[in-house]
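Novice: Handing over start-v8.pdb, PDB, C-alpha atoms and all ligand atoms.
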```pdb
ATOM      1  CA  MET A   1     138.493 134.173 174.318  1.00  0.00           C
ATOM      2  CA  GLY A   2     141.325 135.043 172.020  1.00  0.00           C
ATOM      3  CA  ARG A   3     141.866 138.219 170.177  1.00  0.00           C
ATOM      4  CA  ILE A   4     139.892 138.981 167.084  1.00  0.00           C
ATOM      5  CA  LYS A   5     141.952 138.718 163.970  1.00  0.00           C
ATOM      6  CA  ASN A   6     141.595 141.489 161.471  1.00  0.00           C
ATOM      7  CA  LYS A   7     140.825 139.778 158.193  1.00  0.00           C
ATOM      8  CA  ASN A   8     142.018 142.413 155.808  1.00  0.00           C
ATOM      9  CA  THR A   9     145.163 143.854 157.255  1.00  0.00           C
ATOM     10  CA  GLN A  10     147.580 145.521 154.880  1.00  0.00           C
ATOM     11  CA  PRO A  11     150.273 142.819 155.138  1.00  0.00           C
ATOM     12  CA  GLU A  12     147.835 140.109 154.062  1.00  0.00           C
ATOM     13  CA  VAL A  13     146.604 142.164 151.145  1.00  0.00           C
ATOM     14  CA  LYS A  14     150.172 142.735 150.036  1.00  0.00           C
ATOM     15  CA  ILE A  15     151.074 139.047 150.139  1.00  0.00           C
ATOM     16  CA  ARG A  16     147.918 138.107 148.293  1.00  0.00           C
ATOM     17  CA  SER A  17     148.685 140.490 145.478  1.00  0.00           C
ATOM     18  CA  ILE A  18     152.236 139.115 145.189  1.00  0.00           C
ATOM     19  CA  ILE A  19     150.991 135.527 145.060  1.00  0.00           C
ATOM     20  CA  HIS A  20     148.320 136.484 142.586  1.00  0.00           C
ATOM     21  CA  ARG A  21     150.898 138.095 140.308  1.00  0.00           C
ATOM     22  CA  MET A  22     152.972 134.899 140.503  1.00  0.00           C
ATOM     23  CA  GLY A  23     149.993 133.129 138.986  1.00  0.00           C
ATOM     24  CA  PHE A  24     148.829 131.111 141.965  1.00  0.00           C
ATOM     25  CA  ARG A  25     145.169 130.952 142.835  1.00  0.00           C
ATOM     26  CA  PHE A  26     144.063 130.751 146.414  1.00  0.00           C
ATOM     27  CA  ARG A  27     141.251 131.058 148.872  1.00  0.00           C
ATOM     28  CA  LEU A  28     140.966 133.381 151.805  1.00  0.00           C
ATOM     29  CA  ASN A  29     140.582 132.448 155.447  1.00  0.00           C
ATOM     30  CA  ARG A  30     139.217 128.945 155.248  1.00  0.00           C
ATOM     31  CA  LEU A  31     137.562 128.668 158.609  1.00  0.00           C
ATOM     32  CA  ASP A  32     137.663 124.905 158.730  1.00  0.00           C
ATOM     33  CA  LEU A  33     141.440 124.730 158.957  1.00  0.00           C
ATOM     34  CA  PRO A  34     143.402 124.898 162.228  1.00  0.00           C
ATOM     35  CA  GLY A  35     144.613 128.416 162.962  1.00  0.00           C
ATOM     36  CA  LYS A  36     142.598 129.912 160.088  1.00  0.00           C
ATOM     37  CA  PRO A  37     145.494 130.408 157.681  1.00  0.00           C
ATOM     38  CA  ASP A  38     145.534 133.766 155.917  1.00  0.00           C
ATOM     39  CA  ILE A  39     145.991 132.201 152.496  1.00  0.00           C
ATOM     40  CA  VAL A  40     145.011 128.685 151.427  1.00  0.00           C
ATOM     41  CA  LEU A  41     146.098 127.114 148.164  1.00  0.00           C
ATOM     42  CA  PRO A  42     144.055 123.918 147.989  1.00  0.00           C
ATOM     43  CA  LYS A  43     145.507 122.827 144.664  1.00  0.00           C
ATOM     44  CA  TYR A  44     149.008 122.740 146.157  1.00  0.00           C
ATOM     45  CA  HIS A  45     148.053 121.664 149.675  1.00  0.00           C
ATOM     46  CA  LYS A  46     149.764 124.729 151.002  1.00  0.00           C
ATOM     47  CA  VAL A  47     148.796 127.387 153.478  1.00  0.00           C
ATOM     48  CA  ILE A  48     150.430 130.676 154.386  1.00  0.00           C
ATOM     49  CA  PHE A  49     150.240 132.604 157.612  1.00  0.00           C
ATOM     50  CA  VAL A  50     151.145 136.260 157.761  1.00  0.00           C
ATOM     51  CA  ASN A  51     152.112 136.742 161.389  1.00  0.00           C
ATOM     52  CA  GLY A  52     152.431 139.947 163.333  1.00  0.00           C
ATOM     53  CA  CYS A  53     155.842 139.947 165.032  1.00  0.00           C
ATOM     54  CA  PHE A  54     154.598 141.070 168.431  1.00  0.00           C
ATOM     55  CA  TRP A  55     151.558 138.830 168.867  1.00  0.00           C
ATOM     56  CA  HIS A  56     153.211 135.744 167.444  1.00  0.00           C
ATOM     57  CA  GLY A  57     156.572 136.233 169.148  1.00  0.00           C
ATOM     58  CA  HIS A  58     159.012 136.657 166.275  1.00  0.00           C
ATOM     59  CA  LEU A  59     162.398 135.694 167.704  1.00  0.00           C
ATOM     60  CA  ASN A  60     165.351 138.051 167.329  1.00  0.00           C
ATOM     61  CA  CYS A  61     163.127 140.697 165.843  1.00  0.00           C
ATOM     62  CA  PRO A  62     162.854 144.230 167.221  1.00  0.00           C
ATOM     63  CA  ARG A  63     159.092 144.166 166.712  1.00  0.00           C
ATOM     64  CA  GLY A  64     158.859 140.847 168.557  1.00  0.00           C
ATOM     65  CA  LYS A  65     160.297 142.312 171.765  1.00  0.00           C
ATOM     66  CA  ARG A  66     158.167 141.828 174.837  1.00  0.00           C
ATOM     67  CA  PRO A  67     156.986 144.671 177.028  1.00  0.00           C
ATOM     68  CA  THR A  68     159.067 145.340 180.118  1.00  0.00           C
ATOM     69  CA  THR A  69     156.043 146.155 182.270  1.00  0.00           C
ATOM     70  CA  ASN A  70     153.296 143.719 183.333  1.00  0.00           C
ATOM     71  CA  ILE A  71     155.768 140.982 182.494  1.00  0.00           C
ATOM     72  CA  ASP A  72     153.695 138.141 183.945  1.00  0.00           C
ATOM     73  CA  PHE A  73     150.612 139.161 182.027  1.00  0.00           C
ATOM     74  CA  TRP A  74     152.402 139.483 178.713  1.00  0.00           C
ATOM     75  CA  SER A  75     154.466 136.325 179.149  1.00  0.00           C
ATOM     76  CA  LYS A  76     151.363 134.279 179.751  1.00  0.00           C
ATOM     77  CA  LYS A  77     149.478 135.802 176.866  1.00  0.00           C
ATOM     78  CA  LEU A  78     152.282 135.667 174.314  1.00  0.00           C
ATOM     79  CA  ASP A  79     153.459 132.196 175.362  1.00  0.00           C
ATOM     80  CA  ALA A  80     149.886 130.963 174.870  1.00  0.00           C
ATOM     81  CA  ASN A  81     149.809 132.471 171.376  1.00  0.00           C
ATOM     82  CA  ILE A  82     153.074 130.797 170.426  1.00  0.00           C
ATOM     83  CA  LEU A  83     151.952 127.454 171.813  1.00  0.00           C
ATOM     84  CA  ARG A  84     148.702 127.715 169.872  1.00  0.00           C
ATOM     85  CA  ASP A  85     150.589 128.570 166.673  1.00  0.00           C
ATOM     86  CA  THR A  86     152.830 125.539 167.127  1.00  0.00           C
ATOM     87  CA  LYS A  87     149.871 123.243 167.708  1.00  0.00           C
ATOM     88  CA  ASN A  88     148.062 124.568 164.659  1.00  0.00           C
ATOM     89  CA  VAL A  89     151.103 124.029 162.444  1.00  0.00           C
ATOM     90  CA  ASP A  90     151.388 120.445 163.731  1.00  0.00           C
ATOM     91  CA  LEU A  91     147.708 119.830 163.074  1.00  0.00           C
ATOM     92  CA  LEU A  92     147.891 121.256 159.565  1.00  0.00           C
ATOM     93  CA  LYS A  93     150.888 119.079 158.739  1.00  0.00           C
ATOM     94  CA  LYS A  94     149.077 116.020 160.035  1.00  0.00           C
ATOM     95  CA  LEU A  95     146.217 116.919 157.724  1.00  0.00           C
ATOM     96  CA  GLY A  96     148.637 116.984 154.815  1.00  0.00           C
ATOM     97  CA  TRP A  97     149.188 120.720 154.406  1.00  0.00           C
ATOM     98  CA  ASP A  98     152.505 122.462 153.939  1.00  0.00           C
ATOM     99  CA  VAL A  99     152.846 125.552 156.075  1.00  0.00           C
ATOM    100  CA  LEU A 100     154.729 128.775 155.422  1.00  0.00           C
ATOM    101  CA  VAL A 101     154.930 131.537 157.988  1.00  0.00           C
ATOM    102  CA  LEU A 102     155.757 135.007 156.757  1.00  0.00           C
ATOM    103  CA  TRP A 103     156.492 137.758 159.251  1.00  0.00           C
ATOM    104  CA  GLN A 104     155.233 141.288 159.263  1.00  0.00           C
ATOM    105  CA  CYS A 105     158.785 142.653 159.375  1.00  0.00           C
ATOM    106  CA  GLU A 106     159.700 140.851 156.140  1.00  0.00           C
ATOM    107  CA  LEU A 107     156.932 142.445 154.151  1.00  0.00           C
ATOM    108  CA  ASN A 108     158.748 145.647 153.332  1.00  0.00           C
ATOM    109  CA  ASN A 109     161.334 143.674 151.435  1.00  0.00           C
ATOM    110  CA  GLU A 110     159.567 142.327 148.396  1.00  0.00           C
ATOM    111  CA  LYS A 111     162.702 140.502 147.243  1.00  0.00           C
ATOM    112  CA  ILE A 112     162.735 138.404 150.400  1.00  0.00           C
ATOM    113  CA  ILE A 113     159.031 137.671 150.122  1.00  0.00           C
ATOM    114  CA  LEU A 114     159.323 136.636 146.496  1.00  0.00           C
ATOM    115  CA  ALA A 115     162.267 134.384 147.300  1.00  0.00           C
ATOM    116  CA  ARG A 116     160.490 132.762 150.225  1.00  0.00           C
ATOM    117  CA  ILE A 117     157.316 132.127 148.249  1.00  0.00           C
ATOM    118  CA  ASN A 118     159.303 130.779 145.320  1.00  0.00           C
ATOM    119  CA  ASP A 119     161.170 128.394 147.611  1.00  0.00           C
ATOM    120  CA  TYR A 120     157.924 127.349 149.162  1.00  0.00           C
ATOM    121  CA  PHE A 121     156.452 126.302 145.855  1.00  0.00           C
ATOM    122  CA  ASN A 122     159.589 124.563 144.685  1.00  0.00           C
ATOM    123  CA  ILE A 123     160.167 122.438 147.754  1.00  0.00           C
ATOM    124  CA  ASN A 124     157.649 119.797 148.639  1.00  0.00           C
ATOM    125  CA  ASN A 125     158.671 119.143 152.196  1.00  0.00           C
ATOM    126  CA  ASN A 126     158.859 122.633 153.519  1.00  0.00           C
ATOM    127  CA  LEU A 127     159.607 122.832 157.218  1.00  0.00           C
TER     128      LEU A 127
HETATM  129 ZN    ZN B   1     159.655 140.239 162.889  1.00  0.00          ZN
END
```
Go ahead and express the file in the form of structure tokens.
Specialist:
Amino acid sequence: MGRIKNKNTQPEVKIRSIIHRMGFRFRLNRLDLPGKPDIVLPKYHKVIFVNGCFWHGHLNCPRGKRPTTNIDFWSKKLDANILRDTKNVDLLKKLGWDVLVLWQCELNNEKIILARINDYFNINNNL
């Protein structure tokens, strides 16, 4: 089976506190939704994932770089993760949820995070 997701990693806590300060109320880890989004805002039909760059294959990101040993093993594993992420996003959208993915490497820049969350709440049809 897949890896076990740590439910209270620092990045998630950080994002939650930012969203909380912005005045939005949310629920944590609703298990009934595809991909178990890190943050669920039922009132707005929006979910947020906080993705680790390595495990979720952040493109053009130093932390998303793949190992250069055991290439077959890692390709299979990481490709499967990415495929699963894509499927979950599709499913969520079909169920009427907007989806925002934030990346681990963005979290040190609070300005970027604030801007992305602001955009997310101001645009109804977020890709
Ligand atoms: Zn990254």
Novice: Give me the result of the PyMOL selection byres (((chain A and resi 102) around 8) and not hetatm) on this file, residue by residue, as an NGL selection string.
Specialist: :A and (48-51 or 100-101 or 103-104 or 106-107 or 113)
Novice: Got a sec to check which residues lie within 8 Å of ligand ZN 1 (chain B), using all atoms listed in the file, and send them as a PyMOL selection string?
Specialist: chain A and resi 52-54+58-64+103-106
Novice: Next, write the just-selected residues to a file, as a PDB file, in the coordinates of the input, keeping C-alpha atoms as the atom set.
Specialist:
```pdb
ATOM      1  CA  GLY A  52     152.431 139.947 163.333  1.00  0.00           C
ATOM      2  CA  CYS A  53     155.842 139.947 165.032  1.00  0.00           C
ATOM      3  CA  PHE A  54     154.598 141.070 168.431  1.00  0.00           C
ATOM      4  CA  HIS A  58     159.012 136.657 166.275  1.00  0.00           C
ATOM      5  CA  LEU A  59     162.398 135.694 167.704  1.00  0.00           C
ATOM      6  CA  ASN A  60     165.351 138.051 167.329  1.00  0.00           C
ATOM      7  CA  CYS A  61     163.127 140.697 165.843  1.00  0.00           C
ATOM      8  CA  PRO A  62     162.854 144.230 167.221  1.00  0.00           C
ATOM      9  CA  ARG A  63     159.092 144.166 166.712  1.00  0.00           C
ATOM     10  CA  GLY A  64     158.859 140.847 168.557  1.00  0.00           C
ATOM     11  CA  TRP A 103     156.492 137.758 159.251  1.00  0.00           C
ATOM     12  CA  GLN A 104     155.233 141.288 159.263  1.00  0.00           C
ATOM     13  CA  CYS A 105     158.785 142.653 159.375  1.00  0.00           C
ATOM     14  CA  GLU A 106     159.700 140.851 156.140  1.00  0.00           C
TER      15      GLU A 106
END
```
Novice: Suppose you want the space between CA of Asp38 in chain A and CA of Asn109 in chain A; what is it in Å?
Specialist: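 These two atoms are separated by 19.2 Å.
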Novice: State, in Å with one decimal place, the distance from CA of Lys77 in chain A to CA of Lys65 in chain A.
Specialist: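 If I compute the distance from CA of Lys77 in chain A to CA of Lys65 in chain A, I get 13.6 Å.
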Novice: Work out how far CA of Leu92 in chain A is from CA of Leu28 in chain A, in Å to one decimal.
Specialist: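 The value is 16.0 Å.
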Novice: Spell out the residues picked by the PyMOL selection byres (((chain A and resi 120) around 12) and not hetatm) here, as a list in words.
Specialist: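 When the PyMOL selection byres (((chain A and resi 120) around 12) and not hetatm) is applied, the selected residues are Ile19, Leu41, Tyr44, His45, Lys46, Val47, Ile48, Asp98, Val99, Leu100, Val101, Leu102, Ile113, Leu114, Ala115, Arg116, Ile117, Asn118, Asp119, Phe121, Asn122, Ile123, Asn124, Asn125, Asn126 and Leu127 of chain A.
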Novice: Atoms to include: C-alpha atoms. Write the selected residues as a PDB file, in the frame of the given file.
Specialist:
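As written to disk, again_15.pdb reads:
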```
ATOM      1  CA  ILE A  19     150.991 135.527 145.060  1.00  0.00           C
ATOM      2  CA  LEU A  41     146.098 127.114 148.164  1.00  0.00           C
ATOM      3  CA  TYR A  44     149.008 122.740 146.157  1.00  0.00           C
ATOM      4  CA  HIS A  45     148.053 121.664 149.675  1.00  0.00           C
ATOM      5  CA  LYS A  46     149.764 124.729 151.002  1.00  0.00           C
ATOM      6  CA  VAL A  47     148.796 127.387 153.478  1.00  0.00           C
ATOM      7  CA  ILE A  48     150.430 130.676 154.386  1.00  0.00           C
ATOM      8  CA  ASP A  98     152.505 122.462 153.939  1.00  0.00           C
ATOM      9  CA  VAL A  99     152.846 125.552 156.075  1.00  0.00           C
ATOM     10  CA  LEU A 100     154.729 128.775 155.422  1.00  0.00           C
ATOM     11  CA  VAL A 101     154.930 131.537 157.988  1.00  0.00           C
ATOM     12  CA  LEU A 102     155.757 135.007 156.757  1.00  0.00           C
ATOM     13  CA  ILE A 113     159.031 137.671 150.122  1.00  0.00           C
ATOM     14  CA  LEU A 114     159.323 136.636 146.496  1.00  0.00           C
ATOM     15  CA  ALA A 115     162.267 134.384 147.300  1.00  0.00           C
ATOM     16  CA  ARG A 116     160.490 132.762 150.225  1.00  0.00           C
ATOM     17  CA  ILE A 117     157.316 132.127 148.249  1.00  0.00           C
ATOM     18  CA  ASN A 118     159.303 130.779 145.320  1.00  0.00           C
ATOM     19  CA  ASP A 119     161.170 128.394 147.611  1.00  0.00           C
ATOM     20  CA  PHE A 121     156.452 126.302 145.855  1.00  0.00           C
ATOM     21  CA  ASN A 122     159.589 124.563 144.685  1.00  0.00           C
ATOM     22  CA  ILE A 123     160.167 122.438 147.754  1.00  0.00           C
ATOM     23  CA  ASN A 124     157.649 119.797 148.639  1.00  0.00           C
ATOM     24  CA  ASN A 125     158.671 119.143 152.196  1.00  0.00           C
ATOM     25  CA  ASN A 126     158.859 122.633 153.519  1.00  0.00           C
ATOM     26  CA  LEU A 127     159.607 122.832 157.218  1.00  0.00           C
TER      27      LEU A 127
END
```
Novice: Which residue gives the smallest distance to Lys94 in chain A among A:Trp55, A:Pro34, A:Gln10, A:Leu78, with only C-alpha atoms counted?
Specialist: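 Checking each candidate against Lys94 in chain A, we get A:Pro34 as the closest.
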Novice: For the PyMOL selection byres (((chain A and resi 26) around 6) and not hetatm), applied here, can you spell out every residue it catches as a list in words?
Specialist: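 Output from the PyMOL selection byres (((chain A and resi 26) around 6) and not hetatm), applied to this file: Arg25, Arg27, Val40 and Leu41 of chain A.
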Novice: To box range 61-68 of chain A, take all atoms listed in the file, fit an axis-aligned box, add 4 Å on each side, and give centre and edge lengths in Å to one decimal, as JSON.
Specialist:
```
{"center_x": 160.1, "center_y": 143.0, "center_z": 173.0, "size_x": 14.1, "size_y": 12.6, "size_z": 22.3}
```
Novice: Please determine, counting all atoms listed in the file, which residue among A:Pro11, A:Pro42, A:Gly57, A:Gly96 has the shortest atom-to-atom distance to Trp74 in chain A.
Specialist: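 Nearest to Trp74 in chain A: A:Gly57.
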Novice: With all atoms listed in the file as the atoms that count, which of A:Trp97, A:Asn108, A:Lys43, A:Ile82 lies nearest to Ile15 in chain A?
Specialist: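 Of A:Trp97, A:Asn108, A:Lys43, A:Ile82, the one nearest Ile15 in chain A is A:Asn108, counting all atoms listed in the file.
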